[in-house]
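Chemist: This is data.pdb (PDB, C-alpha atoms and all ligand atoms).
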ATOM      1  CA  MET A   1     103.713  71.529 131.286  1.00  0.00           C
ATOM      2  CA  ASP A   2     103.930  72.881 127.740  1.00  0.00           C
ATOM      3  CA  ALA A   3     102.020  71.462 124.764  1.00  0.00           C
ATOM      4  CA  ILE A   4     104.894  69.342 123.435  1.00  0.00           C
ATOM      5  CA  GLU A   5     105.528  67.786 126.829  1.00  0.00           C
ATOM      6  CA  ALA A   6     101.830  67.058 127.344  1.00  0.00           C
ATOM      7  CA  ILE A   7     101.532  65.462 123.904  1.00  0.00           C
ATOM      8  CA  THR A   8     104.675  63.345 124.190  1.00  0.00           C
ATOM      9  CA  THR A   9     104.269  62.174 127.795  1.00  0.00           C
ATOM     10  CA  ARG A  10     100.524  61.422 127.744  1.00  0.00           C
ATOM     11  CA  ARG A  11      99.471  57.826 128.349  1.00  0.00           C
ATOM     12  CA  VAL A  12      96.054  56.264 128.569  1.00  0.00           C
ATOM     13  CA  VAL A  13      94.819  55.883 132.117  1.00  0.00           C
ATOM     14  CA  ARG A  14      92.548  52.946 132.896  1.00  0.00           C
ATOM     15  CA  ALA A  15      92.880  52.886 136.686  1.00  0.00           C
ATOM     16  CA  PHE A  16      91.862  55.879 138.749  1.00  0.00           C
ATOM     17  CA  ALA A  17      92.456  57.170 142.261  1.00  0.00           C
ATOM     18  CA  PRO A  18      89.178  57.657 144.145  1.00  0.00           C
ATOM     19  CA  ASP A  19      89.700  61.433 144.350  1.00  0.00           C
ATOM     20  CA  PRO A  20      86.963  63.463 142.669  1.00  0.00           C
ATOM     21  CA  VAL A  21      87.783  65.597 139.645  1.00  0.00           C
ATOM     22  CA  GLU A  22      87.352  69.313 140.259  1.00  0.00           C
ATOM     23  CA  SER A  23      84.545  70.728 138.120  1.00  0.00           C
ATOM     24  CA  ASP A  24      86.805  73.597 137.067  1.00  0.00           C
ATOM     25  CA  LYS A  25      89.331  71.124 135.641  1.00  0.00           C
ATOM     26  CA  LEU A  26      86.622  69.224 133.802  1.00  0.00           C
ATOM     27  CA  ARG A  27      85.404  72.506 132.381  1.00  0.00           C
ATOM     28  CA  GLN A  28      88.930  73.303 131.137  1.00  0.00           C
ATOM     29  CA  ILE A  29      89.136  69.865 129.547  1.00  0.00           C
ATOM     30  CA  ILE A  30      85.836  70.244 127.717  1.00  0.00           C
ATOM     31  CA  ASN A  31      86.823  73.737 126.655  1.00  0.00           C
ATOM     32  CA  ALA A  32      89.956  72.220 125.093  1.00  0.00           C
ATOM     33  CA  GLY A  33      87.695  69.815 123.198  1.00  0.00           C
ATOM     34  CA  ARG A  34      85.580  72.718 122.028  1.00  0.00           C
ATOM     35  CA  HIS A  35      88.683  74.304 120.500  1.00  0.00           C
ATOM     36  CA  ALA A  36      89.432  71.361 118.203  1.00  0.00           C
ATOM     37  CA  MET A  37      89.512  71.875 114.462  1.00  0.00           C
ATOM     38  CA  SER A  38      86.339  70.815 112.652  1.00  0.00           C
ATOM     39  CA  ALA A  39      85.513  70.708 108.981  1.00  0.00           C
ATOM     40  CA  ARG A  40      83.654  73.858 107.937  1.00  0.00           C
ATOM     41  CA  ASN A  41      83.699  74.759 111.626  1.00  0.00           C
ATOM     42  CA  LEU A  42      80.524  72.710 112.091  1.00  0.00           C
ATOM     43  CA  GLN A  43      81.582  71.568 115.602  1.00  0.00           C
ATOM     44  CA  PRO A  44      79.448  68.399 115.376  1.00  0.00           C
ATOM     45  CA  TRP A  45      79.914  67.492 119.055  1.00  0.00           C
ATOM     46  CA  ARG A  46      78.124  67.713 122.366  1.00  0.00           C
ATOM     47  CA  PHE A  47      79.476  66.652 125.751  1.00  0.00           C
ATOM     48  CA  VAL A  48      77.497  65.091 128.584  1.00  0.00           C
ATOM     49  CA  VAL A  49      79.310  65.296 131.916  1.00  0.00           C
ATOM     50  CA  VAL A  50      78.388  62.541 134.368  1.00  0.00           C
ATOM     51  CA  TYR A  51      79.358  62.678 138.043  1.00  0.00           C
ATOM     52  CA  ASP A  52      76.626  60.470 139.495  1.00  0.00           C
ATOM     53  CA  HIS A  53      78.293  57.216 140.568  1.00  0.00           C
ATOM     54  CA  ASP A  54      75.286  55.000 139.887  1.00  0.00           C
ATOM     55  CA  ARG A  55      74.951  56.437 136.394  1.00  0.00           C
ATOM     56  CA  ILE A  56      78.698  56.039 135.782  1.00  0.00           C
ATOM     57  CA  ARG A  57      78.488  52.411 136.884  1.00  0.00           C
ATOM     58  CA  GLU A  58      75.513  51.811 134.606  1.00  0.00           C
ATOM     59  CA  ILE A  59      77.371  53.334 131.640  1.00  0.00           C
ATOM     60  CA  GLY A  60      80.529  51.361 132.493  1.00  0.00           C
ATOM     61  CA  THR A  61      78.687  48.052 132.309  1.00  0.00           C
ATOM     62  CA  LEU A  62      77.716  48.976 128.730  1.00  0.00           C
ATOM     63  CA  CYS A  63      81.355  49.555 127.690  1.00  0.00           C
ATOM     64  CA  SER A  64      82.536  46.110 126.590  1.00  0.00           C
ATOM     65  CA  THR A  65      86.163  47.239 126.176  1.00  0.00           C
ATOM     66  CA  GLY A  66      86.056  49.877 128.893  1.00  0.00           C
ATOM     67  CA  LYS A  67      85.039  48.250 132.141  1.00  0.00           C
ATOM     68  CA  PHE A  68      87.380  50.711 133.885  1.00  0.00           C
ATOM     69  CA  VAL A  69      84.718  53.370 133.265  1.00  0.00           C
ATOM     70  CA  THR A  70      82.698  51.784 136.081  1.00  0.00           C
ATOM     71  CA  ASP A  71      85.186  52.936 138.721  1.00  0.00           C
ATOM     72  CA  ALA A  72      85.899  56.406 137.345  1.00  0.00           C
ATOM     73  CA  PRO A  73      85.137  59.497 139.413  1.00  0.00           C
ATOM     74  CA  SER A  74      83.770  61.365 136.384  1.00  0.00           C
ATOM     75  CA  VAL A  75      82.803  60.698 132.803  1.00  0.00           C
ATOM     76  CA  VAL A  76      82.348  62.806 129.701  1.00  0.00           C
ATOM     77  CA  VAL A  77      80.220  61.162 127.037  1.00  0.00           C
ATOM     78  CA  VAL A  78      81.079  62.590 123.632  1.00  0.00           C
ATOM     79  CA  LEU A  79      78.124  62.865 121.263  1.00  0.00           C
ATOM     80  CA  LYS A  80      78.395  63.138 117.499  1.00  0.00           C
ATOM     81  CA  ASP A  81      75.913  64.679 115.081  1.00  0.00           C
ATOM     82  CA  SER A  82      75.126  61.623 112.932  1.00  0.00           C
ATOM     83  CA  SER A  83      73.770  63.833 110.135  1.00  0.00           C
ATOM     84  CA  ASN A  84      77.353  65.085 109.633  1.00  0.00           C
ATOM     85  CA  THR A  85      78.499  61.936 107.855  1.00  0.00           C
ATOM     86  CA  ARG A  86      81.533  63.206 105.933  1.00  0.00           C
ATOM     87  CA  TRP A  87      83.829  64.504 108.685  1.00  0.00           C
ATOM     88  CA  GLY A  88      81.932  64.000 111.952  1.00  0.00           C
ATOM     89  CA  ASP A  89      84.082  61.126 113.191  1.00  0.00           C
ATOM     90  CA  ILE A  90      87.296  62.965 112.484  1.00  0.00           C
ATOM     91  CA  ASP A  91      86.071  66.180 114.091  1.00  0.00           C
ATOM     92  CA  CYS A  92      84.982  64.358 117.241  1.00  0.00           C
ATOM     93  CA  ALA A  93      88.254  62.408 117.356  1.00  0.00           C
ATOM     94  CA  GLN A  94      90.146  65.676 117.363  1.00  0.00           C
ATOM     95  CA  ALA A  95      88.046  66.944 120.251  1.00  0.00           C
ATOM     96  CA  VAL A  96      88.844  63.710 122.129  1.00  0.00           C
ATOM     97  CA  GLN A  97      92.576  64.122 121.545  1.00  0.00           C
ATOM     98  CA  ASN A  98      92.461  67.730 122.750  1.00  0.00           C
ATOM     99  CA  MET A  99      90.620  66.647 125.884  1.00  0.00           C
ATOM    100  CA  ALA A 100      93.047  63.801 126.586  1.00  0.00           C
ATOM    101  CA  THR A 101      96.030  66.138 126.223  1.00  0.00           C
ATOM    102  CA  ALA A 102      94.449  68.875 128.328  1.00  0.00           C
ATOM    103  CA  ALA A 103      93.555  66.351 131.038  1.00  0.00           C
ATOM    104  CA  TRP A 104      97.124  65.067 131.143  1.00  0.00           C
ATOM    105  CA  SER A 105      98.502  68.581 131.500  1.00  0.00           C
ATOM    106  CA  LEU A 106      96.220  68.998 134.530  1.00  0.00           C
ATOM    107  CA  GLY A 107      97.453  65.769 136.132  1.00  0.00           C
ATOM    108  CA  LEU A 108      94.411  63.752 135.021  1.00  0.00           C
ATOM    109  CA  GLY A 109      94.059  60.807 132.691  1.00  0.00           C
ATOM    110  CA  THR A 110      91.551  59.203 130.378  1.00  0.00           C
ATOM    111  CA  CYS A 111      91.231  56.403 127.857  1.00  0.00           C
ATOM    112  CA  TRP A 112      89.198  56.099 124.693  1.00  0.00           C
ATOM    113  CA  VAL A 113      86.504  53.401 124.763  1.00  0.00           C
ATOM    114  CA  GLY A 114      85.993  51.910 121.313  1.00  0.00           C
ATOM    115  CA  ASN A 115      83.277  49.325 121.956  1.00  0.00           C
ATOM    116  CA  PHE A 116      80.066  50.074 123.795  1.00  0.00           C
ATOM    117  CA  ASP A 117      76.307  49.764 123.559  1.00  0.00           C
ATOM    118  CA  GLY A 118      75.618  53.204 122.112  1.00  0.00           C
ATOM    119  CA  PRO A 119      71.820  53.004 121.869  1.00  0.00           C
ATOM    120  CA  SER A 120      71.513  51.941 125.523  1.00  0.00           C
ATOM    121  CA  ILE A 121      73.827  54.702 126.732  1.00  0.00           C
ATOM    122  CA  ALA A 122      71.908  57.205 124.596  1.00  0.00           C
ATOM    123  CA  ARG A 123      68.673  56.032 126.271  1.00  0.00           C
ATOM    124  CA  ILE A 124      70.148  56.491 129.751  1.00  0.00           C
ATOM    125  CA  LEU A 125      71.293  60.013 128.887  1.00  0.00           C
ATOM    126  CA  GLU A 126      68.076  60.843 126.996  1.00  0.00           C
ATOM    127  CA  VAL A 127      70.057  61.801 123.891  1.00  0.00           C
ATOM    128  CA  PRO A 128      67.813  62.822 120.976  1.00  0.00           C
ATOM    129  CA  ALA A 129      68.440  62.039 117.276  1.00  0.00           C
ATOM    130  CA  PRO A 130      70.508  62.857 115.283  1.00  0.00           C
ATOM    131  CA  TRP A 131      72.984  62.735 118.166  1.00  0.00           C
ATOM    132  CA  VAL A 132      74.762  59.410 118.780  1.00  0.00           C
ATOM    133  CA  ILE A 133      77.387  58.250 121.254  1.00  0.00           C
ATOM    134  CA  PHE A 134      80.847  58.802 119.798  1.00  0.00           C
ATOM    135  CA  THR A 135      82.851  57.624 122.790  1.00  0.00           C
ATOM    136  CA  ILE A 136      82.937  57.585 126.554  1.00  0.00           C
ATOM    137  CA  LEU A 137      85.830  59.299 128.314  1.00  0.00           C
ATOM    138  CA  ALA A 138      86.376  58.507 131.970  1.00  0.00           C
ATOM    139  CA  PHE A 139      88.472  61.155 133.712  1.00  0.00           C
ATOM    140  CA  GLY A 140      90.312  60.822 136.968  1.00  0.00           C
ATOM    141  CA  TYR A 141      93.654  61.044 138.702  1.00  0.00           C
ATOM    142  CA  PRO A 142      95.848  58.060 137.824  1.00  0.00           C
ATOM    143  CA  SER A 143      95.866  55.351 140.478  1.00  0.00           C
ATOM    144  CA  PRO A 144      99.283  55.445 142.216  1.00  0.00           C
ATOM    145  CA  ALA A 145      98.992  51.670 142.696  1.00  0.00           C
ATOM    146  CA  ASN A 146      98.445  51.072 139.002  1.00  0.00           C
ATOM    147  CA  PRO A 147     100.230  53.856 137.103  1.00  0.00           C
ATOM    148  CA  PRO A 148      99.918  54.319 133.320  1.00  0.00           C
ATOM    149  CA  GLN A 149     102.181  52.078 131.271  1.00  0.00           C
ATOM    150  CA  THR A 150     104.661  53.241 128.681  1.00  0.00           C
ATOM    151  CA  ARG A 151     104.125  51.740 125.263  1.00  0.00           C
ATOM    152  CA  PRO A 152     106.499  51.040 122.393  1.00  0.00           C
ATOM    153  CA  LEU A 153     106.432  53.701 119.698  1.00  0.00           C
ATOM    154  CA  LYS A 154     107.695  53.107 116.197  1.00  0.00           C
ATOM    155  CA  PRO A 155     110.991  54.964 115.827  1.00  0.00           C
ATOM    156  CA  LEU A 156     110.978  58.173 113.767  1.00  0.00           C
ATOM    157  CA  ARG A 157     113.358  56.702 111.194  1.00  0.00           C
ATOM    158  CA  GLU A 158     110.783  53.964 110.471  1.00  0.00           C
ATOM    159  CA  ILE A 159     107.909  56.354 109.824  1.00  0.00           C
ATOM    160  CA  VAL A 160     109.494  59.494 108.377  1.00  0.00           C
ATOM    161  CA  TYR A 161     110.926  59.898 104.879  1.00  0.00           C
ATOM    162  CA  TYR A 162     112.432  62.932 103.194  1.00  0.00           C
ATOM    163  CA  GLU A 163     111.569  64.127  99.724  1.00  0.00           C
ATOM    164  CA  ARG A 164     110.418  60.650  98.608  1.00  0.00           C
ATOM    165  CA  TRP A 165     109.207  57.312  99.970  1.00  0.00           C
ATOM    166  CA  GLY A 166     112.010  55.316 101.591  1.00  0.00           C
ATOM    167  CA  GLN A 167     114.540  58.156 101.850  1.00  0.00           C
ATOM    168  CA  GLN A 168     115.466  58.089 105.542  1.00  0.00           C
ATOM    169  CA  GLN A 169     118.206  60.729 105.508  1.00  0.00           C
ATOM    170  CA  PRO A 170     117.267  64.417 105.477  1.00  0.00           C
ATOM    171  CA  PRO A 171     118.926  66.234 102.559  1.00  0.00           C
ATOM    172  CA  HIS A 172     121.113  68.464 104.735  1.00  0.00           C
ATOM    173  CA  SER A 173     122.134  66.098 107.557  1.00  0.00           C
TER     174      SER A 173
HETATM  175  C1  LIG A 201      90.044  54.863 118.322  1.00  0.00           C
HETATM  176  C2  LIG A 201      90.610  54.285 119.598  1.00  0.00           C
HETATM  177  C3  LIG A 201      89.907  53.284 120.256  1.00  0.00           C
HETATM  178  C4  LIG A 201      90.401  52.760 121.446  1.00  0.00           C
HETATM  179  N1  LIG A 201      89.648  51.847 122.119  1.00  0.00           N
HETATM  180  C5  LIG A 201      90.068  51.400 123.317  1.00  0.00           C
HETATM  181  C6  LIG A 201      89.243  50.520 124.069  1.00  0.00           C
HETATM  182  O1  LIG A 201      88.142  50.153 123.646  1.00  0.00           O
HETATM  183  N2  LIG A 201      89.682  50.101 125.273  1.00  0.00           N
HETATM  184  C7  LIG A 201      90.913  50.489 125.777  1.00  0.00           C
HETATM  185  O2  LIG A 201      91.255  50.066 126.877  1.00  0.00           O
HETATM  186  N3  LIG A 201      91.722  51.337 125.083  1.00  0.00           N
HETATM  187  C8  LIG A 201      91.327  51.813 123.879  1.00  0.00           C
HETATM  188  N4  LIG A 201      92.106  52.697 123.182  1.00  0.00           N
HETATM  189  C9  LIG A 201      93.389  53.159 123.770  1.00  0.00           C
HETATM  190  C10 LIG A 201      94.601  52.553 123.034  1.00  0.00           C
HETATM  191  O3  LIG A 201      94.714  51.194 123.369  1.00  0.00           O
HETATM  192  C11 LIG A 201      95.869  53.346 123.442  1.00  0.00           C
HETATM  193  O4  LIG A 201      95.713  54.685 123.024  1.00  0.00           O
HETATM  194  C12 LIG A 201      97.109  52.735 122.795  1.00  0.00           C
HETATM  195  O5  LIG A 201      97.383  51.480 123.351  1.00  0.00           O
HETATM  196  C13 LIG A 201      98.340  53.607 122.976  1.00  0.00           C
HETATM  197  O6  LIG A 201      98.520  53.924 124.327  1.00  0.00           O
HETATM  198  P1  LIG A 201      98.756  55.448 124.760  1.00  0.00           P
HETATM  199  O7  LIG A 201      97.557  56.238 124.336  1.00  0.00           O
HETATM  200  O8  LIG A 201      98.966  55.399 126.240  1.00  0.00           O
HETATM  201  O9  LIG A 201      99.966  55.895 124.049  1.00  0.00           O
HETATM  202  C14 LIG A 201      91.628  53.231 121.985  1.00  0.00           C
HETATM  203  C15 LIG A 201      92.324  54.246 121.314  1.00  0.00           C
HETATM  204  C16 LIG A 201      91.816  54.769 120.137  1.00  0.00           C
HETATM  205  C17 LIG A 201      92.561  55.902 119.469  1.00  0.00           C
END
Could you render the structure as structure tokens?
Ligand SMILES: Cc1cc2nc3c(=O)[nH]c(=O)nc-3n(C[C@H](O)[C@H](O)[C@H](O)COP(=O)(O)O)c2cc1C

Modeler:
Amino acid sequence: MDAIEAITTRRVVRAFAPDPVESDKLRQIINAGRHAMSARNLQPWRFVVVYDHDRIREIGTLCSTGKFVTDAPSVVVVLKDSSNTRWGDIDCAQAVQNMATAAWSLGLGTCWVGNFDGPSIARILEVPAPWVIFTILAFGYPSPANPPQTRPLKPLREIVYYERWGQQQPPHS
């Protein structure tokens, strides 16, 4: 699968097959995150890989909009350097997107969790300041019984203009 296909076919995965995720694949995914752009190349991220099912379940119960984490075969908790206030969120978001795309290209899926009890998860993982929980990414093979859904995308003509706002025709069409 090339980069364009991975980017354009990727869907969030919230239901996982029970199969474990190979550690080599998880390593490739995290390596893709490591290659994200970051302002001033500060790389204000750390990644905690969690395979232990009890720990995954405990983390999942703390994800108010990500209960699916509970049943995932593996989890990567993305940590952000909270002293990097200007661009830290954006840098970490780019790492997340790289990881989601890489996972998809390897046949795996994930879904961003936006709401969670960060301090409690940080306590479980013994995360020291200034690191904070940025998000929790569950990784697994998509459940065949509950495959990822397609979602409506705004059409290109609605979101792209040429030369000036509102001009929907390219100059040389
Ligand atoms: C910043 C952000 C936060 C999100 N938070 C959640 C969440 O808390 N729970 C969830 O199930 N999905 C969450 N999502 C996933 C979006 O719902 C999903 O990306 C969107 O519906 C489009 O689907 P697609 O990624 O399959 O194209 C989040 C996505 C982003 C980018």

Chemist: Please measure the separation of CA of Gly114 in chain A and atom C7 of ligand LIG 201 (chain A), giving the value in Å to one decimal.

Modeler: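 It comes out at 6.8 Å.
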
Chemist: So which residues are near ligand LIG 201 (chain A), meaning at most 9 Å away with all atoms listed in the file counted, given back as a ChimeraX atom specification?

Modeler: /A:8-14,63-68,93,97,111-116,135,148-153

Chemist: Any chance you could work out the axis-aligned box around range 51-56 of chain A, listed atoms only, 6 Å on each side, giving centre and edge lengths in Å to one decimal, as lines of an AutoDock Vina configuration file?

Modeler:
center_x = 77.2
center_y = 58.8
center_z = 138.2
size_x = 16.4
size_y = 19.7
size_z = 16.8

Chemist: What is the distance between CA of Thr110 in chain A and CA of Pro128 in chain A, in Å to one decimal?

Modeler: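 Between CA of Thr110 in chain A and CA of Pro128 in chain A the gap works out to 25.8 Å.
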
Chemist: So how far away is CA of Leu79 in chain A from CA of Phe134 in chain A, in Å?

Modeler: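 So the answer is 5.1 Å.
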
Chemist: Excluding same-chain residues fewer than 5 positions from range 27-40 of chain A, what lies within 6 Å of it counting all atoms listed in the file, as a PyMOL selection string?

Modeler: chain A and resi 91+94-95+98-99+102-103

Chemist: With all atoms listed in the file counted, which protein, DNA or RNA residues have an atom no more than 8 Å from (74.5, 56.5, 129.7) in the file frame? Please answer as a PyMOL selection string.

Modeler: chain A and resi 55-56+58-59+77+120-125

Chemist: Using only C-alpha atoms, which protein or nucleic acid residues come within 12 Å of range 154-156 of chain A? Drop anything in the same chain fewer than 6 positions from it, and give the result as a list in words.

Modeler: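 Contacts, in chain order: Tyr162, Gln168 and Gln169 of chain A.
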
Chemist: For the interface of range 19-99 of chain A with range 136-147 of chain A (cut-off 6 Å, counting only C-alpha atoms), please tabulate each contacting residue of range 19-99 of chain A alongside its nearest pair of atoms and their separation in Å to one decimal, rows sorted by chain and increasing number, as JSON lines.

Modeler:
{"residue": "A:Val69", "atom": "CA", "partner": "A:Ala138", "partner_atom": "CA", "distance": 5.6}
{"residue": "A:Ala72", "atom": "CA", "partner": "A:Ala138", "partner_atom": "CA", "distance": 5.8}
{"residue": "A:Pro73", "atom": "CA", "partner": "A:Gly140", "partner_atom": "CA", "distance": 5.9}
{"residue": "A:Ser74", "atom": "CA", "partner": "A:Phe139", "partner_atom": "CA", "distance": 5.4}
{"residue": "A:Val75", "atom": "CA", "partner": "A:Ala138", "partner_atom": "CA", "distance": 4.3}
{"residue": "A:Val76", "atom": "CA", "partner": "A:Leu137", "partner_atom": "CA", "distance": 5.1}
{"residue": "A:Val77", "atom": "CA", "partner": "A:Ile136", "partner_atom": "CA", "distance": 4.5}

Chemist: Counting only C-alpha atoms, figure out which residue out of A:Gly60, A:His172, A:Ile133, A:Leu26 gets nearest to Val78 in chain A.

Modeler: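 Of all the options, A:Ile133 lies closest to Val78 in chain A.
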
Chemist: Of the candidates A:Leu108, A:Val48, A:Val132, A:Val127, which one gets nearest to Glu22 in chain A if we count only C-alpha atoms?

Modeler: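 Checking each of A:Leu108, A:Val48, A:Val132, A:Val127 against Glu22 in chain A, counting only C-alpha atoms, the winner is A:Leu108.
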
Chemist: When the PyMOL selection byres (((chain A and resi 84-86) around 10) and not hetatm) is applied to the file above, which residues end up in the set, as JSON, numbers by chain?

Modeler: {"A": [39, 42, 43, 44, 80, 81, 82, 83, 87, 88, 89, 90, 91, 130, 131]}

Chemist: Rank A:Tyr51, A:Trp45, A:Trp104, A:Tyr161 by their smallest atom-to-atom distance to Asp2 in chain A, using only C-alpha atoms, and report the top residue only.

Modeler: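 Using only C-alpha atoms, the shortest distance to Asp2 in chain A belongs to A:Trp104.
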
Chemist: Restricting the calculation to all atoms listed in the file: of A:Pro171, A:Thr101, A:Val160, A:Trp165, which residue gets closest to Met1 in chain A?

Modeler: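 Of the candidates, the smallest distance to Met1 in chain A is held by A:Thr101.
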